[in-house]
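J.: Take this structure, written in structure tokens, and hold onto it; I'll ask about it next.
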Amino acid sequence: MRIGVKIGPATERAVKRVAEEAEKAGFDSVWLSERVAIPLNKPHPYQPTVDPWIGLSFVAAVTEHVTLGTSVSQIALRAPVLMARELATLDRLSEGRVIVGAGAGWVEEEFTSTGVPFETRGGRLNEFIRLLRHLWTSPEEPWQGKHFTIPAVGLIKPSTHGGPPIYIGAGGPPGLRRAAKYGDGFIAVPLPLPALAGLRQKLDEMRAQFGREGPFPLLVQAAPPSTVPEAKTMVEQYSAAGVDGLILTYEADLPNAFLRTRDVVQALIES
């Protein structure tokens, strides 16, 4: 099982050491989340974050092997040509280590503050995913869609053939359809094991309905175990539920939180 770790909030240069220590510890991947903007007139569970793609570019420069991903980013808030170029740049400079974790978003203020319609976010992301792949492979051909019109242009292309994989994060039926039809993988929030098994089955069934075949990794964000036996059990149970990888989310104090439990991390990685 692939074991990754969230290294955010990455608001300070100290994320350099977090990333370096994560790679030394043997983590398969490092992840940043995104919250572009938050409302000020009502309670909100999260704080605004740094741009995860700039943060991961910083991390790419001090690591050699770990995969660099977002869990997740509201990519469709950006202009598609600029987003395609930014991701291609990171993919080239990291030598193909990028996973684009994408979500439609649910915080209306993120859309109103960036001038993007909130009501059409799902359809916009569906087209955005297809458009990114077009811009990464054949930008010399024009694109005419419902939400975007792009003329034929010359653009830098990513290192990864066809572009970095795009994993979808979602909670409702529209997001599951998006993942099954357009995604290369899925990033789930913490869920009970029976729910994860049901999610795996649902995604597989929907992908078959869309005529899609091949690998489709299911990654799950999860709290880390406390002991070596718990780690081994965790891998067994999540594997049985059809999960391909975990993204460990520590409450705070990185990298010390996982350095203090090196044996537990190693048990996860080796199980």
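For the structure tokens, the naming scheme is as follows: chains receive sequential letters (A, B, ...) according to their order of presentation, residues are indexed from 1 within each chain, and ligands are indexed from 1 in presentation order.
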Please identify all polymer residues within 9 Å of Ile156 (chain A), counting only C-alpha atoms, omitting same-chain residues fewer than 4 positions from it, and present them as an MDAnalysis selection string.

T.: chainID A and resid 84:85 88:89 136

J.: Report the closest atom pair, with its distance in Å rounded to one decimal, for each residue of region 158-270 of chain A that has an atom no farther than 9 Å from region 5-22 of chain A; count only C-alpha atoms, sort by chain and then rising residue number, and write it as CSV.

T.:
residue,atom,partner,partner_atom,distance
A:Gln221,CA,A:Val5,CA,8.8
A:Leu246,CA,A:Val5,CA,7.9
A:Ile247,CA,A:Val5,CA,4.9
A:Leu248,CA,A:Val5,CA,4.6
A:Thr249,CA,A:Lys6,CA,5.5
A:Tyr250,CA,A:Lys6,CA,7.4
A:Leu254,CA,A:Val18,CA,6.2
A:Pro255,CA,A:Val18,CA,4.9
A:Asn256,CA,A:Val18,CA,8.6
A:Phe258,CA,A:Ala22,CA,8.3
A:Leu259,CA,A:Glu21,CA,8.0

J.: Can you write just those residues out, C-alpha atoms, as a CSV table (one decimal), in the first residue's frame?

T.:
chain,number,residue,atom,x,y,z
A,221,GLN,CA,-7.1,10.5,4.0
A,246,LEU,CA,-3.3,6.3,2.6
A,247,ILE,CA,-2.6,10.0,3.1
A,248,LEU,CA,-1.8,10.4,6.7
A,249,THR,CA,-3.1,13.6,8.3
A,250,TYR,CA,-1.3,14.6,11.5
A,254,LEU,CA,5.4,18.3,11.7
A,255,PRO,CA,7.8,16.6,11.0
A,256,ASN,CA,8.2,15.7,14.7
A,258,PHE,CA,5.9,11.3,12.4
A,259,LEU,CA,9.6,11.3,13.5

J.: Which neighbours of Asp184 (chain A) fall inside 10 Å, counting only C-alpha atoms, when residues of the same chain fewer than 4 positions from it are skipped, and could you give them as a PyMOL selection string?

T.: chain A and resi 99-101+164-168+179-180+214-218

J.: Could you go through region 8-253 of chain A and tell me which residues DSSP, when run on the backbone, assigns to alpha helix (DSSP H), listing them as a PDB file with N, CA and C atoms, in the first residue's frame?

T.:
ATOM      1  N   VAL A  15       8.422  24.127   5.934  1.00  0.00           N
ATOM      2  CA  VAL A  15       7.900  23.004   5.146  1.00  0.00           C
ATOM      3  C   VAL A  15       9.038  22.304   4.403  1.00  0.00           C
ATOM      4  N   LYS A  16      10.134  23.005   4.173  1.00  0.00           N
ATOM      5  CA  LYS A  16      11.300  22.386   3.544  1.00  0.00           C
ATOM      6  C   LYS A  16      11.764  21.177   4.349  1.00  0.00           C
ATOM      7  N   ARG A  17      11.923  21.356   5.657  1.00  0.00           N
ATOM      8  CA  ARG A  17      12.373  20.244   6.503  1.00  0.00           C
ATOM      9  C   ARG A  17      11.315  19.155   6.574  1.00  0.00           C
ATOM     10  N   VAL A  18      10.050  19.535   6.626  1.00  0.00           N
ATOM     11  CA  VAL A  18       8.976  18.537   6.671  1.00  0.00           C
ATOM     12  C   VAL A  18       9.054  17.637   5.441  1.00  0.00           C
ATOM     13  N   ALA A  19       9.220  18.246   4.279  1.00  0.00           N
ATOM     14  CA  ALA A  19       9.284  17.465   3.044  1.00  0.00           C
ATOM     15  C   ALA A  19      10.520  16.582   3.009  1.00  0.00           C
ATOM     16  N   GLU A  20      11.648  17.133   3.414  1.00  0.00           N
ATOM     17  CA  GLU A  20      12.890  16.354   3.418  1.00  0.00           C
ATOM     18  C   GLU A  20      12.797  15.162   4.358  1.00  0.00           C
ATOM     19  N   GLU A  21      12.243  15.392   5.544  1.00  0.00           N
ATOM     20  CA  GLU A  21      12.125  14.301   6.513  1.00  0.00           C
ATOM     21  C   GLU A  21      11.098  13.264   6.067  1.00  0.00           C
ATOM     22  N   ALA A  22      10.047  13.711   5.394  1.00  0.00           N
ATOM     23  CA  ALA A  22       9.044  12.773   4.890  1.00  0.00           C
ATOM     24  C   ALA A  22       9.658  11.844   3.862  1.00  0.00           C
ATOM     25  N   GLU A  23      10.479  12.393   3.002  1.00  0.00           N
ATOM     26  CA  GLU A  23      11.137  11.551   2.000  1.00  0.00           C
ATOM     27  C   GLU A  23      12.118  10.586   2.657  1.00  0.00           C
ATOM     28  N   LYS A  24      12.887  11.070   3.615  1.00  0.00           N
ATOM     29  CA  LYS A  24      13.833  10.195   4.324  1.00  0.00           C
ATOM     30  C   LYS A  24      13.107   9.076   5.068  1.00  0.00           C
ATOM     31  N   ALA A  25      11.922   9.377   5.599  1.00  0.00           N
ATOM     32  CA  ALA A  25      11.162   8.379   6.358  1.00  0.00           C
ATOM     33  C   ALA A  25      10.570   7.295   5.468  1.00  0.00           C
ATOM     34  N   PRO A  52      -1.156  25.772  -3.226  1.00  0.00           N
ATOM     35  CA  PRO A  52      -0.487  24.472  -3.093  1.00  0.00           C
ATOM     36  C   PRO A  52       0.497  24.180  -4.213  1.00  0.00           C
ATOM     37  N   TRP A  53       0.260  24.746  -5.391  1.00  0.00           N
ATOM     38  CA  TRP A  53       1.155  24.458  -6.516  1.00  0.00           C
ATOM     39  C   TRP A  53       2.484  25.185  -6.365  1.00  0.00           C
ATOM     40  N   ILE A  54       2.444  26.389  -5.823  1.00  0.00           N
ATOM     41  CA  ILE A  54       3.702  27.068  -5.513  1.00  0.00           C
ATOM     42  C   ILE A  54       4.392  26.345  -4.357  1.00  0.00           C
ATOM     43  N   GLY A  55       3.609  25.937  -3.357  1.00  0.00           N
ATOM     44  CA  GLY A  55       4.173  25.187  -2.238  1.00  0.00           C
ATOM     45  C   GLY A  55       4.834  23.900  -2.693  1.00  0.00           C
ATOM     46  N   LEU A  56       4.202  23.170  -3.615  1.00  0.00           N
ATOM     47  CA  LEU A  56       4.773  21.917  -4.097  1.00  0.00           C
ATOM     48  C   LEU A  56       5.984  22.153  -4.997  1.00  0.00           C
ATOM     49  N   SER A  57       6.019  23.287  -5.677  1.00  0.00           N
ATOM     50  CA  SER A  57       7.213  23.632  -6.457  1.00  0.00           C
ATOM     51  C   SER A  57       8.410  23.819  -5.527  1.00  0.00           C
ATOM     52  N   PHE A  58       8.166  24.469  -4.388  1.00  0.00           N
ATOM     53  CA  PHE A  58       9.205  24.649  -3.372  1.00  0.00           C
ATOM     54  C   PHE A  58       9.672  23.287  -2.857  1.00  0.00           C
ATOM     55  N   VAL A  59       8.699  22.402  -2.623  1.00  0.00           N
ATOM     56  CA  VAL A  59       9.016  21.059  -2.128  1.00  0.00           C
ATOM     57  C   VAL A  59       9.754  20.243  -3.189  1.00  0.00           C
ATOM     58  N   ALA A  60       9.394  20.405  -4.447  1.00  0.00           N
ATOM     59  CA  ALA A  60      10.041  19.646  -5.517  1.00  0.00           C
ATOM     60  C   ALA A  60      11.536  19.912  -5.574  1.00  0.00           C
ATOM     61  N   PRO A  80      -7.650  28.202 -17.675  1.00  0.00           N
ATOM     62  CA  PRO A  80      -7.145  26.883 -18.063  1.00  0.00           C
ATOM     63  C   PRO A  80      -5.757  26.879 -18.701  1.00  0.00           C
ATOM     64  N   VAL A  81      -5.453  27.850 -19.558  1.00  0.00           N
ATOM     65  CA  VAL A  81      -4.130  27.864 -20.187  1.00  0.00           C
ATOM     66  C   VAL A  81      -3.044  28.091 -19.141  1.00  0.00           C
ATOM     67  N   LEU A  82      -3.292  29.008 -18.211  1.00  0.00           N
ATOM     68  CA  LEU A  82      -2.308  29.283 -17.165  1.00  0.00           C
ATOM     69  C   LEU A  82      -2.164  28.093 -16.221  1.00  0.00           C
ATOM     70  N   MET A  83      -3.272  27.420 -15.904  1.00  0.00           N
ATOM     71  CA  MET A  83      -3.213  26.254 -15.040  1.00  0.00           C
ATOM     72  C   MET A  83      -2.474  25.107 -15.734  1.00  0.00           C
ATOM     73  N   ALA A  84      -2.755  24.910 -17.016  1.00  0.00           N
ATOM     74  CA  ALA A  84      -2.075  23.860 -17.769  1.00  0.00           C
ATOM     75  C   ALA A  84      -0.572  24.110 -17.801  1.00  0.00           C
ATOM     76  N   ARG A  85      -0.176  25.347 -18.015  1.00  0.00           N
ATOM     77  CA  ARG A  85       1.246  25.692 -18.057  1.00  0.00           C
ATOM     78  C   ARG A  85       1.893  25.508 -16.682  1.00  0.00           C
ATOM     79  N   GLU A  86       1.193  25.939 -15.625  1.00  0.00           N
ATOM     80  CA  GLU A  86       1.741  25.824 -14.279  1.00  0.00           C
ATOM     81  C   GLU A  86       1.973  24.364 -13.902  1.00  0.00           C
ATOM     82  N   LEU A  87       1.006  23.509 -14.204  1.00  0.00           N
ATOM     83  CA  LEU A  87       1.132  22.097 -13.877  1.00  0.00           C
ATOM     84  C   LEU A  87       2.181  21.413 -14.749  1.00  0.00           C
ATOM     85  N   ALA A  88       2.246  21.783 -16.017  1.00  0.00           N
ATOM     86  CA  ALA A  88       3.277  21.228 -16.890  1.00  0.00           C
ATOM     87  C   ALA A  88       4.664  21.627 -16.402  1.00  0.00           C
ATOM     88  N   THR A  89       4.791  22.855 -15.932  1.00  0.00           N
ATOM     89  CA  THR A  89       6.074  23.323 -15.407  1.00  0.00           C
ATOM     90  C   THR A  89       6.502  22.506 -14.198  1.00  0.00           C
ATOM     91  N   LEU A  90       5.579  22.332 -13.248  1.00  0.00           N
ATOM     92  CA  LEU A  90       5.894  21.550 -12.051  1.00  0.00           C
ATOM     93  C   LEU A  90       6.214  20.107 -12.418  1.00  0.00           C
ATOM     94  N   ASP A  91       5.477  19.549 -13.362  1.00  0.00           N
ATOM     95  CA  ASP A  91       5.722  18.174 -13.773  1.00  0.00           C
ATOM     96  C   ASP A  91       7.106  18.031 -14.402  1.00  0.00           C
ATOM     97  N   ARG A  92       7.522  19.018 -15.186  1.00  0.00           N
ATOM     98  CA  ARG A  92       8.841  18.959 -15.812  1.00  0.00           C
ATOM     99  C   ARG A  92       9.957  19.129 -14.772  1.00  0.00           C
ATOM    100  N   LEU A  93       9.803  20.120 -13.904  1.00  0.00           N
ATOM    101  CA  LEU A  93      10.860  20.394 -12.935  1.00  0.00           C
ATOM    102  C   LEU A  93      10.980  19.286 -11.887  1.00  0.00           C
ATOM    103  N   GLU A 108     -18.722  29.086  -1.398  1.00  0.00           N
ATOM    104  CA  GLU A 108     -19.172  30.036  -2.421  1.00  0.00           C
ATOM    105  C   GLU A 108     -18.255  31.248  -2.526  1.00  0.00           C
ATOM    106  N   GLU A 109     -17.678  31.660  -1.397  1.00  0.00           N
ATOM    107  CA  GLU A 109     -16.812  32.843  -1.409  1.00  0.00           C
ATOM    108  C   GLU A 109     -15.567  32.636  -2.261  1.00  0.00           C
ATOM    109  N   GLU A 110     -15.128  31.396  -2.410  1.00  0.00           N
ATOM    110  CA  GLU A 110     -13.982  31.148  -3.285  1.00  0.00           C
ATOM    111  C   GLU A 110     -14.308  31.507  -4.732  1.00  0.00           C
ATOM    112  N   PHE A 111     -15.551  31.372  -5.089  1.00  0.00           N
ATOM    113  CA  PHE A 111     -15.970  31.648  -6.461  1.00  0.00           C
ATOM    114  C   PHE A 111     -16.295  33.128  -6.667  1.00  0.00           C
ATOM    115  N   THR A 112     -17.067  33.686  -5.745  1.00  0.00           N
ATOM    116  CA  THR A 112     -17.418  35.099  -5.904  1.00  0.00           C
ATOM    117  C   THR A 112     -16.187  35.990  -5.836  1.00  0.00           C
ATOM    118  N   ARG A 121     -20.046  25.194 -11.229  1.00  0.00           N
ATOM    119  CA  ARG A 121     -18.717  24.696 -10.889  1.00  0.00           C
ATOM    120  C   ARG A 121     -18.495  23.238 -11.310  1.00  0.00           C
ATOM    121  N   GLY A 122     -19.552  22.411 -11.206  1.00  0.00           N
ATOM    122  CA  GLY A 122     -19.389  21.008 -11.563  1.00  0.00           C
ATOM    123  C   GLY A 122     -19.126  20.813 -13.045  1.00  0.00           C
ATOM    124  N   GLY A 123     -19.966  21.412 -13.871  1.00  0.00           N
ATOM    125  CA  GLY A 123     -19.782  21.304 -15.315  1.00  0.00           C
ATOM    126  C   GLY A 123     -18.490  21.955 -15.775  1.00  0.00           C
ATOM    127  N   ARG A 124     -18.129  23.040 -15.106  1.00  0.00           N
ATOM    128  CA  ARG A 124     -16.887  23.722 -15.443  1.00  0.00           C
ATOM    129  C   ARG A 124     -15.680  22.817 -15.176  1.00  0.00           C
ATOM    130  N   LEU A 125     -15.676  22.132 -14.025  1.00  0.00           N
ATOM    131  CA  LEU A 125     -14.572  21.240 -13.716  1.00  0.00           C
ATOM    132  C   LEU A 125     -14.536  20.050 -14.678  1.00  0.00           C
ATOM    133  N   ASN A 126     -15.690  19.499 -15.015  1.00  0.00           N
ATOM    134  CA  ASN A 126     -15.728  18.387 -15.969  1.00  0.00           C
ATOM    135  C   ASN A 126     -15.030  18.768 -17.272  1.00  0.00           C
ATOM    136  N   GLU A 127     -15.364  19.939 -17.777  1.00  0.00           N
ATOM    137  CA  GLU A 127     -14.732  20.388 -19.024  1.00  0.00           C
ATOM    138  C   GLU A 127     -13.267  20.749 -18.802  1.00  0.00           C
ATOM    139  N   PHE A 128     -12.968  21.329 -17.644  1.00  0.00           N
ATOM    140  CA  PHE A 128     -11.605  21.755 -17.332  1.00  0.00           C
ATOM    141  C   PHE A 128     -10.645  20.566 -17.361  1.00  0.00           C
ATOM    142  N   ILE A 129     -11.081  19.431 -16.833  1.00  0.00           N
ATOM    143  CA  ILE A 129     -10.241  18.225 -16.817  1.00  0.00           C
ATOM    144  C   ILE A 129      -9.910  17.803 -18.240  1.00  0.00           C
ATOM    145  N   ARG A 130     -10.928  17.755 -19.076  1.00  0.00           N
ATOM    146  CA  ARG A 130     -10.700  17.364 -20.465  1.00  0.00           C
ATOM    147  C   ARG A 130      -9.845  18.399 -21.192  1.00  0.00           C
ATOM    148  N   LEU A 131     -10.066  19.664 -20.877  1.00  0.00           N
ATOM    149  CA  LEU A 131      -9.304  20.728 -21.519  1.00  0.00           C
ATOM    150  C   LEU A 131      -7.833  20.702 -21.118  1.00  0.00           C
ATOM    151  N   LEU A 132      -7.553  20.409 -19.854  1.00  0.00           N
ATOM    152  CA  LEU A 132      -6.157  20.286 -19.438  1.00  0.00           C
ATOM    153  C   LEU A 132      -5.439  19.228 -20.272  1.00  0.00           C
ATOM    154  N   ARG A 133      -6.052  18.088 -20.429  1.00  0.00           N
ATOM    155  CA  ARG A 133      -5.417  17.021 -21.200  1.00  0.00           C
ATOM    156  C   ARG A 133      -5.224  17.437 -22.659  1.00  0.00           C
ATOM    157  N   HIS A 134      -6.169  18.187 -23.182  1.00  0.00           N
ATOM    158  CA  HIS A 134      -6.038  18.703 -24.542  1.00  0.00           C
ATOM    159  C   HIS A 134      -4.852  19.661 -24.643  1.00  0.00           C
ATOM    160  N   LEU A 135      -4.730  20.572 -23.686  1.00  0.00           N
ATOM    161  CA  LEU A 135      -3.651  21.558 -23.711  1.00  0.00           C
ATOM    162  C   LEU A 135      -2.287  20.916 -23.469  1.00  0.00           C
ATOM    163  N   TRP A 136      -2.264  19.787 -22.774  1.00  0.00           N
ATOM    164  CA  TRP A 136      -1.016  19.069 -22.525  1.00  0.00           C
ATOM    165  C   TRP A 136      -0.578  18.222 -23.719  1.00  0.00           C
ATOM    166  N   THR A 137      -1.498  17.925 -24.630  1.00  0.00           N
ATOM    167  CA  THR A 137      -1.184  17.005 -25.719  1.00  0.00           C
ATOM    168  C   THR A 137      -1.299  17.628 -27.101  1.00  0.00           C
ATOM    169  N   PRO A 173     -22.975  12.269  -5.520  1.00  0.00           N
ATOM    170  CA  PRO A 173     -23.108  11.541  -6.790  1.00  0.00           C
ATOM    171  C   PRO A 173     -22.484  12.247  -7.992  1.00  0.00           C
ATOM    172  N   PRO A 174     -22.656  13.583  -8.158  1.00  0.00           N
ATOM    173  CA  PRO A 174     -22.017  14.224  -9.321  1.00  0.00           C
ATOM    174  C   PRO A 174     -20.501  14.064  -9.324  1.00  0.00           C
ATOM    175  N   GLY A 175     -19.897  14.169  -8.145  1.00  0.00           N
ATOM    176  CA  GLY A 175     -18.454  14.006  -8.060  1.00  0.00           C
ATOM    177  C   GLY A 175     -18.000  12.589  -8.353  1.00  0.00           C
ATOM    178  N   LEU A 176     -18.778  11.604  -7.919  1.00  0.00           N
ATOM    179  CA  LEU A 176     -18.433  10.211  -8.216  1.00  0.00           C
ATOM    180  C   LEU A 176     -18.528   9.956  -9.711  1.00  0.00           C
ATOM    181  N   ARG A 177     -19.548  10.500 -10.366  1.00  0.00           N
ATOM    182  CA  ARG A 177     -19.655  10.358 -11.821  1.00  0.00           C
ATOM    183  C   ARG A 177     -18.464  11.021 -12.506  1.00  0.00           C
ATOM    184  N   ARG A 178     -18.086  12.199 -12.013  1.00  0.00           N
ATOM    185  CA  ARG A 178     -16.928  12.907 -12.581  1.00  0.00           C
ATOM    186  C   ARG A 178     -15.678  12.041 -12.476  1.00  0.00           C
ATOM    187  N   ALA A 179     -15.473  11.458 -11.314  1.00  0.00           N
ATOM    188  CA  ALA A 179     -14.296  10.624 -11.120  1.00  0.00           C
ATOM    189  C   ALA A 179     -14.326   9.414 -12.048  1.00  0.00           C
ATOM    190  N   ALA A 180     -15.475   8.742 -12.115  1.00  0.00           N
ATOM    191  CA  ALA A 180     -15.585   7.538 -12.919  1.00  0.00           C
ATOM    192  C   ALA A 180     -15.415   7.827 -14.405  1.00  0.00           C
ATOM    193  N   LYS A 181     -15.908   8.963 -14.848  1.00  0.00           N
ATOM    194  CA  LYS A 181     -15.892   9.279 -16.284  1.00  0.00           C
ATOM    195  C   LYS A 181     -14.597   9.946 -16.725  1.00  0.00           C
ATOM    196  N   TYR A 182     -14.026  10.820 -15.872  1.00  0.00           N
ATOM    197  CA  TYR A 182     -12.889  11.625 -16.315  1.00  0.00           C
ATOM    198  C   TYR A 182     -11.617  11.423 -15.487  1.00  0.00           C
ATOM    199  N   LEU A 193     -14.699   1.856   7.216  1.00  0.00           N
ATOM    200  CA  LEU A 193     -14.276   0.829   6.263  1.00  0.00           C
ATOM    201  C   LEU A 193     -15.420   0.294   5.391  1.00  0.00           C
ATOM    202  N   PRO A 194     -16.605   0.027   5.945  1.00  0.00           N
ATOM    203  CA  PRO A 194     -17.686  -0.437   5.068  1.00  0.00           C
ATOM    204  C   PRO A 194     -18.049   0.592   3.998  1.00  0.00           C
ATOM    205  N   ALA A 195     -18.003   1.865   4.365  1.00  0.00           N
ATOM    206  CA  ALA A 195     -18.306   2.910   3.388  1.00  0.00           C
ATOM    207  C   ALA A 195     -17.249   2.958   2.292  1.00  0.00           C
ATOM    208  N   LEU A 196     -16.001   2.743   2.658  1.00  0.00           N
ATOM    209  CA  LEU A 196     -14.929   2.735   1.665  1.00  0.00           C
ATOM    210  C   LEU A 196     -15.070   1.544   0.715  1.00  0.00           C
ATOM    211  N   ALA A 197     -15.437   0.400   1.248  1.00  0.00           N
ATOM    212  CA  ALA A 197     -15.649  -0.765   0.398  1.00  0.00           C
ATOM    213  C   ALA A 197     -16.789  -0.509  -0.583  1.00  0.00           C
ATOM    214  N   GLY A 198     -17.848   0.141  -0.099  1.00  0.00           N
ATOM    215  CA  GLY A 198     -18.963   0.484  -0.970  1.00  0.00           C
ATOM    216  C   GLY A 198     -18.570   1.512  -2.019  1.00  0.00           C
ATOM    217  N   LEU A 199     -17.729   2.453  -1.626  1.00  0.00           N
ATOM    218  CA  LEU A 199     -17.246   3.464  -2.562  1.00  0.00           C
ATOM    219  C   LEU A 199     -16.420   2.818  -3.666  1.00  0.00           C
ATOM    220  N   ARG A 200     -15.527   1.920  -3.287  1.00  0.00           N
ATOM    221  CA  ARG A 200     -14.712   1.214  -4.278  1.00  0.00           C
ATOM    222  C   ARG A 200     -15.590   0.485  -5.285  1.00  0.00           C
ATOM    223  N   GLN A 201     -16.595  -0.226  -4.777  1.00  0.00           N
ATOM    224  CA  GLN A 201     -17.482  -0.977  -5.653  1.00  0.00           C
ATOM    225  C   GLN A 201     -18.263  -0.048  -6.573  1.00  0.00           C
ATOM    226  N   LYS A 202     -18.764   1.057  -6.011  1.00  0.00           N
ATOM    227  CA  LYS A 202     -19.540   2.002  -6.812  1.00  0.00           C
ATOM    228  C   LYS A 202     -18.701   2.610  -7.920  1.00  0.00           C
ATOM    229  N   LEU A 203     -17.483   3.015  -7.603  1.00  0.00           N
ATOM    230  CA  LEU A 203     -16.605   3.604  -8.613  1.00  0.00           C
ATOM    231  C   LEU A 203     -16.274   2.593  -9.711  1.00  0.00           C
ATOM    232  N   ASP A 204     -16.008   1.359  -9.329  1.00  0.00           N
ATOM    233  CA  ASP A 204     -15.700   0.334 -10.320  1.00  0.00           C
ATOM    234  C   ASP A 204     -16.896   0.093 -11.238  1.00  0.00           C
ATOM    235  N   GLU A 205     -18.094   0.042 -10.655  1.00  0.00           N
ATOM    236  CA  GLU A 205     -19.298  -0.174 -11.464  1.00  0.00           C
ATOM    237  C   GLU A 205     -19.537   0.989 -12.414  1.00  0.00           C
ATOM    238  N   MET A 206     -19.363   2.211 -11.938  1.00  0.00           N
ATOM    239  CA  MET A 206     -19.595   3.380 -12.779  1.00  0.00           C
ATOM    240  C   MET A 206     -18.548   3.477 -13.888  1.00  0.00           C
ATOM    241  N   ARG A 207     -17.306   3.138 -13.578  1.00  0.00           N
ATOM    242  CA  ARG A 207     -16.277   3.160 -14.600  1.00  0.00           C
ATOM    243  C   ARG A 207     -16.591   2.147 -15.694  1.00  0.00           C
ATOM    244  N   ALA A 208     -17.090   0.990 -15.302  1.00  0.00           N
ATOM    245  CA  ALA A 208     -17.462  -0.019 -16.296  1.00  0.00           C
ATOM    246  C   ALA A 208     -18.594   0.487 -17.184  1.00  0.00           C
ATOM    247  N   GLN A 209     -19.537   1.206 -16.596  1.00  0.00           N
ATOM    248  CA  GLN A 209     -20.641   1.772 -17.379  1.00  0.00           C
ATOM    249  C   GLN A 209     -20.150   2.790 -18.399  1.00  0.00           C
ATOM    250  N   VAL A 228       2.626  -0.088  16.266  1.00  0.00           N
ATOM    251  CA  VAL A 228       2.971  -0.973  15.153  1.00  0.00           C
ATOM    252  C   VAL A 228       1.858  -1.984  14.871  1.00  0.00           C
ATOM    253  N   PRO A 229       1.288  -2.658  15.891  1.00  0.00           N
ATOM    254  CA  PRO A 229       0.176  -3.568  15.596  1.00  0.00           C
ATOM    255  C   PRO A 229      -1.005  -2.853  14.930  1.00  0.00           C
ATOM    256  N   GLU A 230      -1.310  -1.640  15.397  1.00  0.00           N
ATOM    257  CA  GLU A 230      -2.397  -0.879  14.779  1.00  0.00           C
ATOM    258  C   GLU A 230      -2.074  -0.578  13.314  1.00  0.00           C
ATOM    259  N   ALA A 231      -0.814  -0.279  13.032  1.00  0.00           N
ATOM    260  CA  ALA A 231      -0.400   0.026  11.667  1.00  0.00           C
ATOM    261  C   ALA A 231      -0.608  -1.178  10.757  1.00  0.00           C
ATOM    262  N   LYS A 232      -0.202  -2.337  11.217  1.00  0.00           N
ATOM    263  CA  LYS A 232      -0.345  -3.547  10.407  1.00  0.00           C
ATOM    264  C   LYS A 232      -1.814  -3.888  10.178  1.00  0.00           C
ATOM    265  N   THR A 233      -2.604  -3.730  11.217  1.00  0.00           N
ATOM    266  CA  THR A 233      -4.049  -3.982  11.082  1.00  0.00           C
ATOM    267  C   THR A 233      -4.691  -2.990  10.140  1.00  0.00           C
ATOM    268  N   MET A 234      -4.264  -1.742  10.236  1.00  0.00           N
ATOM    269  CA  MET A 234      -4.814  -0.694   9.384  1.00  0.00           C
ATOM    270  C   MET A 234      -4.593  -1.016   7.907  1.00  0.00           C
ATOM    271  N   VAL A 235      -3.383  -1.416   7.559  1.00  0.00           N
ATOM    272  CA  VAL A 235      -3.090  -1.756   6.178  1.00  0.00           C
ATOM    273  C   VAL A 235      -3.923  -2.940   5.718  1.00  0.00           C
ATOM    274  N   GLU A 236      -4.047  -3.947   6.551  1.00  0.00           N
ATOM    275  CA  GLU A 236      -4.840  -5.125   6.198  1.00  0.00           C
ATOM    276  C   GLU A 236      -6.294  -4.760   5.943  1.00  0.00           C
ATOM    277  N   GLN A 237      -6.866  -3.959   6.854  1.00  0.00           N
ATOM    278  CA  GLN A 237      -8.291  -3.631   6.747  1.00  0.00           C
ATOM    279  C   GLN A 237      -8.575  -2.708   5.565  1.00  0.00           C
ATOM    280  N   TYR A 238      -7.728  -1.719   5.371  1.00  0.00           N
ATOM    281  CA  TYR A 238      -7.944  -0.808   4.251  1.00  0.00           C
ATOM    282  C   TYR A 238      -7.716  -1.501   2.913  1.00  0.00           C
ATOM    283  N   SER A 239      -6.735  -2.395   2.859  1.00  0.00           N
ATOM    284  CA  SER A 239      -6.509  -3.159   1.633  1.00  0.00           C
ATOM    285  C   SER A 239      -7.721  -4.024   1.306  1.00  0.00           C
ATOM    286  N   ALA A 240      -8.293  -4.647   2.328  1.00  0.00           N
ATOM    287  CA  ALA A 240      -9.473  -5.484   2.130  1.00  0.00           C
ATOM    288  C   ALA A 240     -10.667  -4.679   1.629  1.00  0.00           C
TER     289      ALA A 240
END

J.: Please compute the CA of Ala267 (chain A)-CA of Val66 (chain A) distance, one decimal, in Å.

T.: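 Result for CA of Ala267 (chain A) versus CA of Val66 (chain A): 18.2 Å, one decimal.
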
J.: Write down as a list in words the residues belonging to region 50-239 of chain A that are assigned strand (DSSP E) by DSSP computed on the backbone.

T.: Thr67, Leu68, Gly69, Thr70, Val98, Ile99, Val100, Gly101, Ala102, Trp143, Gln144, Thr149, Ile150, Ile166, Tyr167, Ile168, Gly169, Gly185, Phe186, Ile187, Ala188, Leu218, Leu219, Val220, Gln221 and Ala222 of chain A

J.: With C-alpha atoms kept, could you save the residues just selected as a compact mmCIF listing (two decimals), in the first residue's frame?

T.:
# COMPACT_ATOMS: atom_id res chain seq x y z
CA THR A 67 5.16 12.14 -5.47
CA LEU A 68 3.74 15.67 -5.13
CA GLY A 69 -0.04 15.96 -4.87
CA THR A 70 -2.97 18.10 -3.80
CA VAL A 98 2.88 15.26 -9.94
CA ILE A 99 -0.65 14.11 -9.07
CA VAL A 100 -3.34 16.71 -9.68
CA GLY A 101 -5.91 16.22 -6.93
CA ALA A 102 -8.97 18.20 -8.03
CA TRP A 143 -10.93 24.07 -28.21
CA GLN A 144 -14.60 25.01 -28.33
CA THR A 149 -13.00 28.67 -25.94
CA ILE A 150 -9.26 28.42 -26.56
CA ILE A 166 -5.84 13.77 -12.28
CA TYR A 167 -7.42 12.31 -9.15
CA ILE A 168 -10.86 13.51 -8.12
CA GLY A 169 -11.98 14.35 -4.61
CA GLY A 185 -8.03 8.02 -9.44
CA PHE A 186 -10.02 9.10 -6.39
CA ILE A 187 -9.10 10.82 -3.11
CA ALA A 188 -11.55 10.09 -0.31
CA LEU A 218 -8.36 4.87 -4.43
CA LEU A 219 -6.50 6.97 -1.86
CA VAL A 220 -7.95 7.77 1.55
CA GLN A 221 -7.05 10.55 3.96
CA ALA A 222 -6.72 9.05 7.42

J.: Check the smallest atom-to-atom distance from each of A:Val50, A:Val62, A:Val107, A:Val265 to Leu77 (chain A) using only C-alpha atoms, then report the winner.

T.: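 Going through A:Val50, A:Val62, A:Val107, A:Val265 one by one, the smallest distance to Leu77 (chain A) is for A:Val107.
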